[in-house]
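Trainee: Please see the structure below; I have some questions.
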Amino acid sequence: MTAMQKKTDDPTAHLSAEDIACLGRELDAIREQVIASRGERDAEYIRAVIDNQRKLELASRAVLLFSLFPPAWIAGTAGLSVSKVLENMEIGHNVMHGQWDWMRDPKIHSTTWEWDNATPSDQWKHSHNDLHHTYTNVLGHDNDLGYGIMRVDEDQRWHPFYLGQPLWNAINALLFEYGIAAYDLEIGKALKGRKDKDDFKAQAKGVLRKIRKQVTRDYVVHPILSGPSALTTLGANITANVVRNVWTHSVIMCGHFPEGVETFEKTSIEGETRGEWYLRQMLGSANITGSPFMHLMTGNLSFQIEHHLFPDLPSNRYSEIAPKVKELFERYELTYTEGPLPKQVASAWRKVIRLSLPNDALQDAAAVLPFTPRTAAPEREAVAA
Amino acid sequence: MASSLRDRAVDLVGLLTTPILPADYVDLFDPLRAGAELRGRIVEVRPETRDAVTLVIRPGRGWAGHTPGQYVRIGLDVDGVRQWRAYSLTGPADRADGCITITVKAIPDGRVSTHVVRRARAGMLVHLDQACGDFTLPDPRPAKVLFVTAGSGITPVMGMLRGALDDLEDVVLVHSAPGPADVIFAGELRQLAARGRIRLVERHTDTDGMLDADALAALVPDLAERETWACGPAGMLDALEARWAGLGIDARLHTERFRPALLAVGDGGTITFTTTEQEVDADGATSLLDAGEAAGVLMPSGCRMGICFGCVAPLRDGAVRDLRTGELTTASPGDGVLVQTCVSAAAGPCQIDL
């Protein structure tokens, strides 16, 4: 991947300004159609998901009271893991995007929702909704590109620190919610003194308060309640949290890191039109193919392209509009990047490994690693220079 | 002591349920329990006329009771969107089964009333507020009473008749409806009249024309001696208020309006909701409340007619106009003047802290 503007074969070169404006209007029409038809069916959907997730959590935690018995441990841990994934993905992430604000239900509203995650909802909403969704895949603006600890694009300058990034990425996967919290806190910026100290202190306090509550719940109170099963319940809760971390980390890597996803230069978004913004979202995201259950478990972020085009539409609608969006891609001769989960995860990991090395090492790396770099060699040299 | 122990118990259970509250889990199983947010379950939907139904609702255990003539705000999900409306309570305060009733007439273009009439079913949950309103009978009861109602304006009066008729000696009810089949509670009212408990004057406006103040005086010659409660369309209430004021007995007239009397329409402007960072262009006739709700802002709301102050929010900057009086309210940055969003509209750019 190289910033799209530097490529010799710009995938949007065939589109005129008028084409892009037209594309924007067609996407607006899809959005309007969904908004006009939002209603009871959608409201019932999200309420059912919340209802079932809470009952699953209660049941799983009840079963884990007897986690000394291996079947109870397995069932309880699996149930709790699924419940935690649903709570973060299909419910938390999407509610905080304002996808359900139109229902005017104060219990299911972006301004009141708090999720089971180390990062408090207000901090996450700022870094995610404001920064990532506005500046998707714009180098230097969108910190989601590598989270500030990894190099995920040829155009990011190499540093020996990145040699360790396969390891950093693995650690980040295991501890993802804490990674997100640290990232939302902009710890790097704070260390360099580029962040207001009082703001940082207040935010850090909020994060620590949340972590303390979560740790008390999962690692102290529930184990104690389990009596003789205390240790096995502790293990189950740790497992469920790690399962969620690894799962969400994988899903999110699939959204923007796989091969085929474009990145953009800072200057390219100056004076960006609505159509151009849409175009950037279309090329900067990748979908995951799979079963309805898989889509549910990713919080419908498997429809990353649709989500990035319309971040505030109800998540249950993404699968419905996906065929229309895909048809637009075909008609405008753009690449709709999608693939099954294992393939996309592997693709993202390959990129993390490849870019841990400087660009000019790629030729050698290509000889050893089982993949072919997508970009043409002369360009890479130009970038490295 | 008991309550602080209870609070501490809830705090302890809260350690188990963070980041949500223990109540959020209990609500899954027992939404009507004491201490829950007030809700009710519809236990029966009874047709009254071709476009009106009575809902019999079992309120949650937090229901504090009501006085006949009062209304209750009820929150329903219409096409998935939470809508709050006020409806008069039509039952006595002491029903044996502890249920309350409201009677809803579908009005043209009325999203909520139409939804209730067509879609309400036994078993549905609704959100409730406590009863409020001062359109009630005093204690001791007046000797002679006149009720003047039209259309669904009969509903609060029906509550009074069902709840307090035994205490009332001399009751005249003048009720207007388009035709005989449109009279809500027709059977019950005509029966009360036949048994001599009330004097009922039914006015069928399709054939008899609208009731005016002169006609009313002719129908009820002793109206000046009667304590009067009136509920119906704004035009009728305005005419009655003028008549009673002319007679110098306006203190004896009690009116209940279902909608605020709106006077002023200004230019409108851009409303900025500061905490949610939403900007909405609204015309001068759209209340801040309606504009905010349409934009998905979580707006506090109450009676929606400028009475209960449940919707007030700080105006940080700019100008708003009171839709009832046309009065302008302005704020300079940082002021935070509290305005009633349900009866105020933008009068130029304005910032609301929501």
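All residue names refer to the structure tokens as shown: chains lettered A, B, ... in order, residues numbered from 1 in each chain, ligands numbered from 1 in order.
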With only C-alpha atoms considered, list every residue of chain A at most 6 Å from chain B, as a list in words.
Mentor: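 Taken together, these residues fit the definition: Gly39, Glu40, Ala43, Asp101, Trp102, Met103, Arg104, Asp116 and Arg217 of chain A.
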Trainee: Mind dumping the selected residues with C-alpha atoms as a compact mmCIF listing (two decimals), in the first residue's frame?
Mentor:
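Output file again19.txt is given in full below:
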# COMPACT_ATOMS: atom_id res chain seq x y z
CA GLY A 39 -38.93 2.01 12.11
CA GLU A 40 -40.42 -0.58 14.37
CA ALA A 43 -36.15 -0.89 17.03
CA ASP A 101 -30.46 7.85 18.57
CA TRP A 102 -33.49 8.29 16.30
CA MET A 103 -35.49 6.03 18.64
CA ARG A 104 -35.30 8.76 21.33
CA ASP A 116 -17.76 -2.75 29.12
CA ARG A 217 -16.19 -7.18 38.82
Trainee: If you run DSSP on the backbone, which residues of segment 103-347 of chain A are alpha helix (DSSP H), as a compact mmCIF listing (two decimals) with C-alpha atoms, in the first residue's frame?
Mentor:
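Below is the file states-v1.txt, written as the result:
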# COMPACT_ATOMS: atom_id res chain seq x y z
CA SER A 121 -17.41 6.12 26.12
CA ASP A 122 -16.84 9.88 25.80
CA GLN A 123 -13.11 9.46 25.10
CA TRP A 124 -13.69 6.68 22.64
CA LYS A 125 -16.41 8.64 20.83
CA HIS A 133 -14.30 8.37 10.78
CA THR A 134 -13.55 11.86 9.50
CA GLN A 165 5.85 -4.59 15.43
CA PRO A 166 4.73 -8.19 14.88
CA LEU A 167 5.28 -8.58 18.61
CA TRP A 168 3.63 -5.24 19.44
CA ASN A 169 0.64 -6.25 17.36
CA ALA A 170 0.33 -9.61 19.14
CA ILE A 171 0.51 -7.93 22.54
CA ASN A 172 -2.01 -5.33 21.39
CA ALA A 173 -4.36 -8.12 20.31
CA LEU A 174 -4.22 -9.80 23.72
CA PHE A 176 -6.73 -4.72 23.01
CA GLU A 177 -9.16 -2.86 25.26
CA TYR A 178 -6.26 -1.42 27.25
CA GLY A 179 -4.48 -0.60 24.02
CA ILE A 180 -7.55 1.32 22.87
CA ALA A 181 -7.73 3.17 26.18
CA ALA A 182 -4.06 4.15 25.97
CA TYR A 183 -4.59 5.20 22.39
CA ASP A 184 -7.68 7.30 23.19
CA ILE A 187 -0.28 8.84 25.72
CA GLY A 188 2.37 9.38 23.06
CA LYS A 189 1.27 12.98 22.58
CA ALA A 190 1.18 13.51 26.35
CA LEU A 191 4.73 12.17 26.78
CA LYS A 197 -1.70 18.19 31.29
CA ASP A 198 -4.96 18.77 33.15
CA ASP A 199 -6.98 17.22 30.33
CA PHE A 200 -4.71 14.23 30.33
CA LYS A 201 -4.95 13.81 34.10
CA ALA A 202 -8.73 14.01 34.08
CA GLN A 203 -9.00 11.52 31.22
CA ALA A 204 -6.49 9.13 32.77
CA LYS A 205 -8.51 9.22 35.98
CA GLY A 206 -11.62 8.26 34.02
CA VAL A 207 -9.82 5.33 32.41
CA LEU A 208 -8.38 4.11 35.70
CA ARG A 209 -11.79 4.34 37.34
CA LYS A 210 -13.29 2.18 34.61
CA ILE A 211 -10.48 -0.33 34.73
CA ARG A 212 -10.80 -0.57 38.50
CA LYS A 213 -14.52 -1.28 38.24
CA GLN A 214 -14.04 -3.89 35.53
CA VAL A 215 -11.24 -5.61 37.37
CA HIS A 222 -17.54 -12.79 40.64
CA PRO A 223 -14.70 -15.19 41.60
CA ILE A 224 -15.43 -14.63 45.31
CA LEU A 225 -19.12 -15.38 44.72
CA ALA A 230 -13.17 -18.93 42.58
CA LEU A 231 -9.97 -19.71 40.71
CA THR A 232 -11.67 -21.37 37.77
CA THR A 233 -14.12 -18.46 37.50
CA LEU A 234 -11.19 -16.05 37.56
CA GLY A 235 -9.65 -18.05 34.74
CA ALA A 236 -12.92 -18.04 32.82
CA ASN A 237 -13.29 -14.28 33.12
CA ILE A 238 -9.71 -13.67 32.03
CA THR A 239 -10.28 -16.01 29.10
CA ALA A 240 -13.50 -14.26 28.05
CA ASN A 241 -11.80 -10.87 28.15
CA VAL A 242 -8.85 -12.13 26.12
CA VAL A 243 -11.15 -13.83 23.61
CA ARG A 244 -12.96 -10.54 23.14
CA ASN A 245 -9.69 -8.63 22.82
CA VAL A 246 -8.30 -10.94 20.17
CA TRP A 247 -11.59 -11.13 18.28
CA THR A 248 -12.21 -7.38 18.19
CA HIS A 249 -8.58 -6.72 17.32
CA SER A 250 -8.81 -9.13 14.39
CA VAL A 251 -12.10 -7.70 13.12
CA ILE A 252 -10.77 -4.17 13.31
CA MET A 253 -7.51 -5.09 11.56
CA CYS A 254 -9.65 -6.52 8.76
CA GLY A 255 -11.41 -3.21 8.33
CA HIS A 256 -8.52 -1.07 7.15
CA ARG A 274 -19.00 15.01 -0.33
CA GLY A 275 -18.51 12.70 -3.30
CA GLU A 276 -14.75 12.60 -2.74
CA TRP A 277 -15.26 11.86 0.93
CA TYR A 278 -17.50 8.94 0.00
CA LEU A 279 -14.90 7.75 -2.50
CA ARG A 280 -12.19 7.79 0.17
CA GLN A 281 -14.40 5.74 2.50
CA MET A 282 -15.11 3.25 -0.30
CA LEU A 283 -11.45 2.68 -1.06
CA PRO A 292 -25.09 -14.00 9.53
CA PHE A 293 -23.73 -15.10 12.93
CA MET A 294 -20.25 -13.94 11.93
CA HIS A 295 -21.68 -10.58 10.85
CA LEU A 296 -23.50 -10.24 14.16
CA MET A 297 -20.35 -11.07 16.12
CA GLN A 304 -16.89 -2.00 7.01
CA ILE A 305 -17.37 -0.27 3.65
CA GLU A 306 -21.07 0.35 4.27
CA HIS A 307 -20.35 1.35 7.87
CA HIS A 308 -17.75 3.90 6.77
CA LEU A 309 -20.04 5.34 4.12
CA TYR A 318 -25.73 -2.72 6.34
CA SER A 319 -26.27 -6.23 4.98
CA GLU A 320 -29.39 -4.98 3.21
CA ILE A 321 -27.69 -2.12 1.41
CA ALA A 322 -24.46 -4.00 0.67
CA PRO A 323 -25.66 -5.36 -2.72
CA LYS A 324 -26.62 -1.83 -3.82
CA VAL A 325 -23.25 -0.47 -2.71
CA LYS A 326 -21.41 -3.30 -4.42
CA GLU A 327 -23.32 -2.62 -7.61
CA LEU A 328 -22.14 1.01 -7.44
CA PHE A 329 -18.54 -0.15 -7.09
CA GLU A 330 -18.93 -2.26 -10.21
CA ARG A 331 -20.63 0.45 -12.20
CA LEU A 341 -12.08 -13.65 7.90
CA PRO A 342 -9.01 -15.97 7.92
CA LYS A 343 -7.83 -14.58 4.61
CA GLN A 344 -8.27 -10.94 5.67
CA VAL A 345 -6.62 -11.50 9.05
CA ALA A 346 -3.69 -13.22 7.35
CA SER A 347 -3.45 -10.41 4.85
Trainee: Using only C-alpha atoms, which protein or nucleic acid residues come within 9 Å of segment 216-223 of chain B? Drop anything in the same chain fewer than 2 positions from it, and give the result as a ChimeraX atom specification.
Mentor: /B:145-146,148,172,174,201,211-214,225-228
Trainee: Closest to Thr54 of chain B among B:Val26, B:Leu89, B:Ala143, B:Ile107, using only C-alpha atoms?
Mentor: B:Leu89
Trainee: Within 7 Å of Leu86 of chain A, counting only C-alpha atoms, which residues show up once you throw out same-chain ones fewer than 3 positions away? Write them as a ChimeraX atom specification, please.
Mentor: /A:53,82-83,89-91,297,299
Trainee: Write a file of the selected residues as a CSV table (one decimal), in the first residue's frame, keeping C-alpha atoms.
Mentor:
chain,number,residue,atom,x,y,z
A,53,GLN,CA,-27.0,-10.3,25.3
A,82,VAL,CA,-20.0,-14.2,23.1
A,83,SER,CA,-21.9,-11.9,25.4
A,89,MET,CA,-19.4,-4.7,19.0
A,90,GLU,CA,-23.1,-5.0,17.8
A,91,ILE,CA,-24.3,-3.0,20.8
A,297,MET,CA,-20.3,-11.1,16.1
A,299,GLY,CA,-21.0,-5.9,15.1
Trainee: Figure out the distance between atom CA of Thr255 of chain B and atom CA of Thr101 of chain B, please, to one decimal in Å.
Mentor: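 Rounded to one decimal, the two atoms are 21.2 Å apart.
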Trainee: Of the candidates A:Ser226, A:Gln99, A:Thr263, A:Asn52, which one gets nearest to Tyr135 of chain A if we count only C-alpha atoms?
Mentor: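 Residue with the minimum atom-to-atom distance to Tyr135 of chain A: A:Thr263.
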Trainee: Find the distance between atom CA of Arg58 of chain B and atom CA of Gly40 of chain B and write it in Å to one decimal.
Mentor: 5.3 Å
Trainee: Pick out the residues sitting within 10 Å of Arg31 of chain A, and hand them over as a list of chain:residue names; count only C-alpha atoms, and ignore anything fewer than 2 positions along from it in its own chain.
Mentor: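 That gives A:Arg25, A:Glu26, A:Leu27, A:Asp28, A:Ala29, A:Gln33, A:Val34, A:Ile35, A:Ala36, A:Leu309, A:Phe310, A:Asp312, A:Leu313, A:Ile321.
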Trainee: Find the distance between atom CA of Lys84 of chain A and atom CA of Ala23 of chain B and write it in Å to one decimal.
Mentor: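 Computing it gives 18.9 Å between the two atoms.
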Trainee: Using only C-alpha atoms, which residues sit within 6 Å of Ser110 of chain A once same-chain residues fewer than 2 positions away are excluded, as a list in words?
Mentor: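 Residues near the query, excluding close chain neighbours: Val95, Met96, Gly98, Thr112 and Trp113 of chain A.
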Trainee: Could those selected residues go to a file with C-alpha atoms, as a compact mmCIF listing (two decimals), in the first residue's frame?
Mentor:
# COMPACT_ATOMS: atom_id res chain seq x y z
CA VAL A 95 -25.06 2.70 19.89
CA MET A 96 -22.20 5.12 20.50
CA GLY A 98 -25.65 7.26 17.26
CA THR A 112 -25.95 8.00 27.67
CA TRP A 113 -24.40 4.66 26.73
Trainee: Please provide as a PyMOL selection string all residues within 9 Å of Ala93 of chain B, with the sequence filter that same-chain residues fewer than 6 positions apart are discarded (counting only C-alpha atoms).
Mentor: chain B and resi 65-68+100+159+162-163
Trainee: Please write the residues from the selection above to a file, keeping N, CA and C atoms, as a PDB file, in the first residue's frame.
Mentor:
ATOM      1  N   GLY B  65     -51.016   7.372  42.107  1.00  0.00           N
ATOM      2  CA  GLY B  65     -52.450   7.655  42.101  1.00  0.00           C
ATOM      3  C   GLY B  65     -52.756   8.969  41.416  1.00  0.00           C
ATOM      4  N   HIS B  66     -54.051   9.238  41.228  1.00  0.00           N
ATOM      5  CA  HIS B  66     -54.427  10.470  40.540  1.00  0.00           C
ATOM      6  C   HIS B  66     -55.742  10.996  41.084  1.00  0.00           C
ATOM      7  N   THR B  67     -56.051  12.217  40.710  1.00  0.00           N
ATOM      8  CA  THR B  67     -57.341  12.804  41.014  1.00  0.00           C
ATOM      9  C   THR B  67     -58.091  12.904  39.691  1.00  0.00           C
ATOM     10  N   PRO B  68     -59.373  12.473  39.650  1.00  0.00           N
ATOM     11  CA  PRO B  68     -60.110  12.549  38.386  1.00  0.00           C
ATOM     12  C   PRO B  68     -60.057  13.957  37.789  1.00  0.00           C
ATOM     13  N   ILE B 100     -55.441   2.055  35.563  1.00  0.00           N
ATOM     14  CA  ILE B 100     -55.865   3.376  35.127  1.00  0.00           C
ATOM     15  C   ILE B 100     -56.356   3.260  33.692  1.00  0.00           C
ATOM     16  N   GLY B 159     -63.694  11.235  33.657  1.00  0.00           N
ATOM     17  CA  GLY B 159     -62.971  10.835  34.865  1.00  0.00           C
ATOM     18  C   GLY B 159     -63.653  11.389  36.111  1.00  0.00           C
ATOM     19  N   ARG B 162     -67.065   9.615  36.730  1.00  0.00           N
ATOM     20  CA  ARG B 162     -66.907   8.263  37.264  1.00  0.00           C
ATOM     21  C   ARG B 162     -66.354   8.284  38.683  1.00  0.00           C
ATOM     22  N   GLY B 163     -65.542   9.301  38.965  1.00  0.00           N
ATOM     23  CA  GLY B 163     -64.885   9.307  40.267  1.00  0.00           C
ATOM     24  C   GLY B 163     -65.660  10.025  41.349  1.00  0.00           C
TER      25      GLY B 163
END
Trainee: Output as a tab-separated table one row per residue of segment 268-293 of chain B within 9 Å of segment 318-330 of chain B: the closest atom pair and its distance in Å to one decimal place, counting only C-alpha atoms, sorted by chain and residue number ascending.
Mentor:
residue	atom	partner	partner_atom	distance
B:Gly268	CA	B:Val320	CA	8.5
B:Gly284	CA	B:Arg321	CA	8.1
B:Ala285	CA	B:Leu323	CA	7.4
B:Thr286	CA	B:Leu323	CA	8.9
B:Ser287	CA	B:Leu323	CA	7.8
B:Leu288	CA	B:Val320	CA	8.7
Trainee: From the DSSP assignment of the backbone, select every residue of segment 21-217 of chain B that is strand (DSSP E or B), and format the answer as a PyMOL selection string.
Mentor: chain B and resi 39-49+52-59+71-78+81-89+100-105+125-128+132+144-150+170-177+199-204
Trainee: Kindly indicate which residue among B:Val56, B:Ala230, B:Val339, B:Leu168 lies nearest to Ala150 of chain B, using only C-alpha atoms for the distances.
Mentor: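 So, comparing all the options, the nearest one is B:Ala230.
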